[in-house]
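The structure file my_file06.pdb is reproduced below (PDB, C-alpha atoms).
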```pdb
MODEL        1
ATOM      1  CA  MET C   1       0.000   0.000   0.000  1.00  0.00           C
ATOM      2  CA  GLN C   2       1.312   3.423  -0.936  1.00  0.00           C
ATOM      3  CA  PRO C   3       1.872   6.052   1.781  1.00  0.00           C
ATOM      4  CA  ARG C   4      -0.960   8.562   2.026  1.00  0.00           C
ATOM      5  CA  GLN C   5      -1.445  12.004   3.514  1.00  0.00           C
ATOM      6  CA  MET C   6      -3.378  12.007   6.778  1.00  0.00           C
ATOM      7  CA  TYR C   7      -3.567  14.274   9.790  1.00  0.00           C
ATOM      8  CA  CYS C   8      -1.145  13.370  12.588  1.00  0.00           C
ATOM      9  CA  PHE C   9      -2.308  14.353  16.068  1.00  0.00           C
ATOM     10  CA  THR C  10       1.260  14.391  17.390  1.00  0.00           C
ATOM     11  CA  CYS C  11       2.744  16.475  14.552  1.00  0.00           C
ATOM     12  CA  ASP C  12      -0.396  18.669  14.372  1.00  0.00           C
ATOM     13  CA  SER C  13      -0.215  18.596  10.566  1.00  0.00           C
ATOM     14  CA  ASP C  14      -0.930  16.442   7.526  1.00  0.00           C
ATOM     15  CA  GLU C  15       1.874  13.918   7.148  1.00  0.00           C
ATOM     16  CA  ARG C  16       2.579  10.844   5.063  1.00  0.00           C
ATOM     17  CA  HIS C  17       1.404   7.654   6.749  1.00  0.00           C
ATOM     18  CA  ARG C  18       2.064   4.056   5.772  1.00  0.00           C
ATOM     19  CA  ALA C  19       0.538   0.702   6.642  1.00  0.00           C
ATOM     20  CA  LEU C  20       2.356  -1.338   9.281  1.00  0.00           C
ATOM     21  CA  THR C  21       4.828  -4.041   8.345  1.00  0.00           C
ATOM     22  CA  THR C  22       4.241  -7.626   9.450  1.00  0.00           C
ATOM     23  CA  ASN C  23       6.679  -7.274  12.373  1.00  0.00           C
ATOM     24  CA  GLU C  24       5.037  -4.016  13.479  1.00  0.00           C
ATOM     25  CA  LYS C  25       1.610  -5.700  13.410  1.00  0.00           C
ATOM     26  CA  VAL C  26       2.917  -8.539  15.588  1.00  0.00           C
ATOM     27  CA  TRP C  27       4.349  -5.972  18.031  1.00  0.00           C
ATOM     28  CA  LEU C  28       1.083  -3.990  18.168  1.00  0.00           C
ATOM     29  CA  ARG C  29      -1.034  -7.118  18.709  1.00  0.00           C
ATOM     30  CA  ALA C  30       1.195  -8.128  21.625  1.00  0.00           C
ATOM     31  CA  LEU C  31       1.119  -4.621  23.110  1.00  0.00           C
ATOM     32  CA  THR C  32      -2.638  -4.020  22.831  1.00  0.00           C
ATOM     33  CA  GLY C  33      -4.105  -7.526  22.904  1.00  0.00           C
ATOM     34  CA  ARG C  34      -6.092  -6.743  19.736  1.00  0.00           C
ATOM     35  CA  ARG C  35      -6.635  -9.563  17.271  1.00  0.00           C
ATOM     36  CA  ALA C  36      -6.856  -7.303  14.221  1.00  0.00           C
ATOM     37  CA  VAL C  37      -4.532  -4.351  13.640  1.00  0.00           C
ATOM     38  CA  GLU C  38      -4.738  -3.993   9.857  1.00  0.00           C
ATOM     39  CA  GLU C  39      -6.518  -0.626  10.159  1.00  0.00           C
ATOM     40  CA  PHE C  40      -3.499   1.129  11.697  1.00  0.00           C
ATOM     41  CA  PHE C  41      -1.128   3.505   9.915  1.00  0.00           C
ATOM     42  CA  MET C  42       2.175   4.941  11.118  1.00  0.00           C
ATOM     43  CA  CYS C  43       3.190   8.580  10.663  1.00  0.00           C
ATOM     44  CA  GLY C  44       6.279   8.847   8.482  1.00  0.00           C
ATOM     45  CA  ALA C  45       7.465  12.247   9.743  1.00  0.00           C
ATOM     46  CA  PRO C  46      11.034  12.103  11.087  1.00  0.00           C
ATOM     47  CA  GLY C  47      11.008  11.084  14.743  1.00  0.00           C
ATOM     48  CA  CYS C  48       7.211  10.689  15.029  1.00  0.00           C
ATOM     49  CA  ARG C  49       6.060   7.104  14.266  1.00  0.00           C
ATOM     50  CA  ASN C  50       2.652   7.795  15.870  1.00  0.00           C
ATOM     51  CA  LEU C  51      -0.215   5.373  15.177  1.00  0.00           C
ATOM     52  CA  ARG C  52      -3.690   6.198  13.910  1.00  0.00           C
ATOM     53  CA  THR C  53      -6.473   4.459  11.985  1.00  0.00           C
ATOM     54  CA  GLY C  54      -8.079   5.650   8.785  1.00  0.00           C
ATOM     55  CA  PHE C  55     -10.951   7.199  10.750  1.00  0.00           C
ATOM     56  CA  ASN C  56      -9.543   7.875  14.216  1.00  0.00           C
ATOM     57  CA  LYS C  57      -6.769  10.463  14.601  1.00  0.00           C
ATOM     58  CA  ARG C  58      -6.074   9.484  18.196  1.00  0.00           C
ATOM     59  CA  PRO C  59      -7.043   5.863  18.907  1.00  0.00           C
ATOM     60  CA  PHE C  60      -4.788   5.557  21.977  1.00  0.00           C
ATOM     61  CA  ASP C  61      -4.389   7.795  25.013  1.00  0.00           C
ATOM     62  CA  PRO C  62      -1.513   8.131  25.659  1.00  0.00           C
ATOM     63  CA  VAL C  63      -0.338   7.840  22.057  1.00  0.00           C
ATOM     64  CA  ILE C  64       1.504   4.729  20.922  1.00  0.00           C
ATOM     65  CA  ARG C  65       4.572   5.125  18.740  1.00  0.00           C
ATOM     66  CA  VAL C  66       6.073   2.284  16.732  1.00  0.00           C
ATOM     67  CA  PRO C  67       9.620   1.563  17.948  1.00  0.00           C
ATOM     68  CA  LEU C  68      12.523   1.893  15.547  1.00  0.00           C
ATOM     69  CA  PRO C  69      13.556  -1.396  13.947  1.00  0.00           C
ATOM     70  CA  ASP C  70      16.513  -3.184  15.510  1.00  0.00           C
TER      71      ASP C  70
ENDMDL
END
```
Now that the file is in, can you turn its structure into structure tokens?
Amino acid sequence: MQPRQMYCFTCDSDERHRALTTNEKVWLRALTGRRAVEEFFMCGAPGCRNLRTGFNKRPFDPVIRVPLPD
């Protein structure tokens, strides 16, 4: 899936977001206990990595940021 412009609550601006990789989905499932995490996108702004869904700008309080890959 191609990155797309969406509003990022953390950056307070429209930023490019991308779908999560397989490893990121596994991490998010373990962290949240959710069975399905396909609706989540990660902000691609440098240093942000905040999560949102297509419809919800702030699905987690406090925000959850995807960790940098090892």
For the contact check between region 17-46 of chain C and region 63-68 of chain C, emit one row per residue of region 17-46 of chain C within 12 Å, containing the shortest atom pair and the distance in Å rounded to one decimal, counting only C-alpha atoms, chain then rising number order, as a tab-separated table.
```
residue	atom	partner	partner_atom	distance
C:Arg18	CA	C:Val66	CA	11.8
C:Ala19	CA	C:Val66	CA	11.6
C:Leu20	CA	C:Val66	CA	9.1
C:Thr21	CA	C:Val66	CA	10.6
C:Asn23	CA	C:Val66	CA	10.5
C:Glu24	CA	C:Val66	CA	7.2
C:Lys25	CA	C:Val66	CA	9.7
C:Val26	CA	C:Val66	CA	11.3
C:Trp27	CA	C:Val66	CA	8.5
C:Leu28	CA	C:Val66	CA	8.1
C:Arg29	CA	C:Val66	CA	12.0
C:Leu31	CA	C:Ile64	CA	9.6
C:Thr32	CA	C:Ile64	CA	9.9
C:Phe40	CA	C:Val66	CA	10.9
C:Phe41	CA	C:Val66	CA	10.0
C:Met42	CA	C:Val66	CA	7.3
C:Cys43	CA	C:Arg65	CA	8.9
C:Gly44	CA	C:Val66	CA	10.5
C:Ala45	CA	C:Arg65	CA	11.8
C:Pro46	CA	C:Leu68	CA	11.2
```
Exercise for the section: Could you check which of C:Gln2, C:Ala30, C:Lys57, C:Glu39 is closest to Asp14 (chain C), using only C-alpha atoms? Expected result: C:Lys57
Practice task
Have a look at C:Asn50, C:Arg34, C:Phe55, C:Pro62 and name the one nearest to Asp12 (chain C); count all atoms listed in the file.
Solution key: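 Nearest candidate to Asp12 (chain C) out of C:Asn50, C:Arg34, C:Phe55, C:Pro62: C:Asn50.
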Handout entry: Test item: the PyMOL selection byres ((chain C and resi 6) around 8) resolved as an MDAnalysis selection string
Key = chainID C and resid 4:5 7:8 14:17
Exercise for the section: Please indicate the distance in Å from CA of Pro69 (chain C) to CA of Arg35 (chain C), rounded to one decimal place. Expected result: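 Separating CA of Pro69 (chain C) from CA of Arg35 (chain C) is a distance of 22.0 Å.
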Practice task
Quick one: pull the distance between CA of Gly54 (chain C) and CA of Phe9 (chain C), Å, one decimal.
Solution key: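 We find that CA of Gly54 (chain C) and CA of Phe9 (chain C) lie 12.7 Å from each other.
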Exercise for the section: Go ahead and compute the interatomic distance for CA of Ala36 (chain C) and CA of Ser13 (chain C), in Å to one decimal. Expected result: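 Those two atoms sit 27.0 Å apart.
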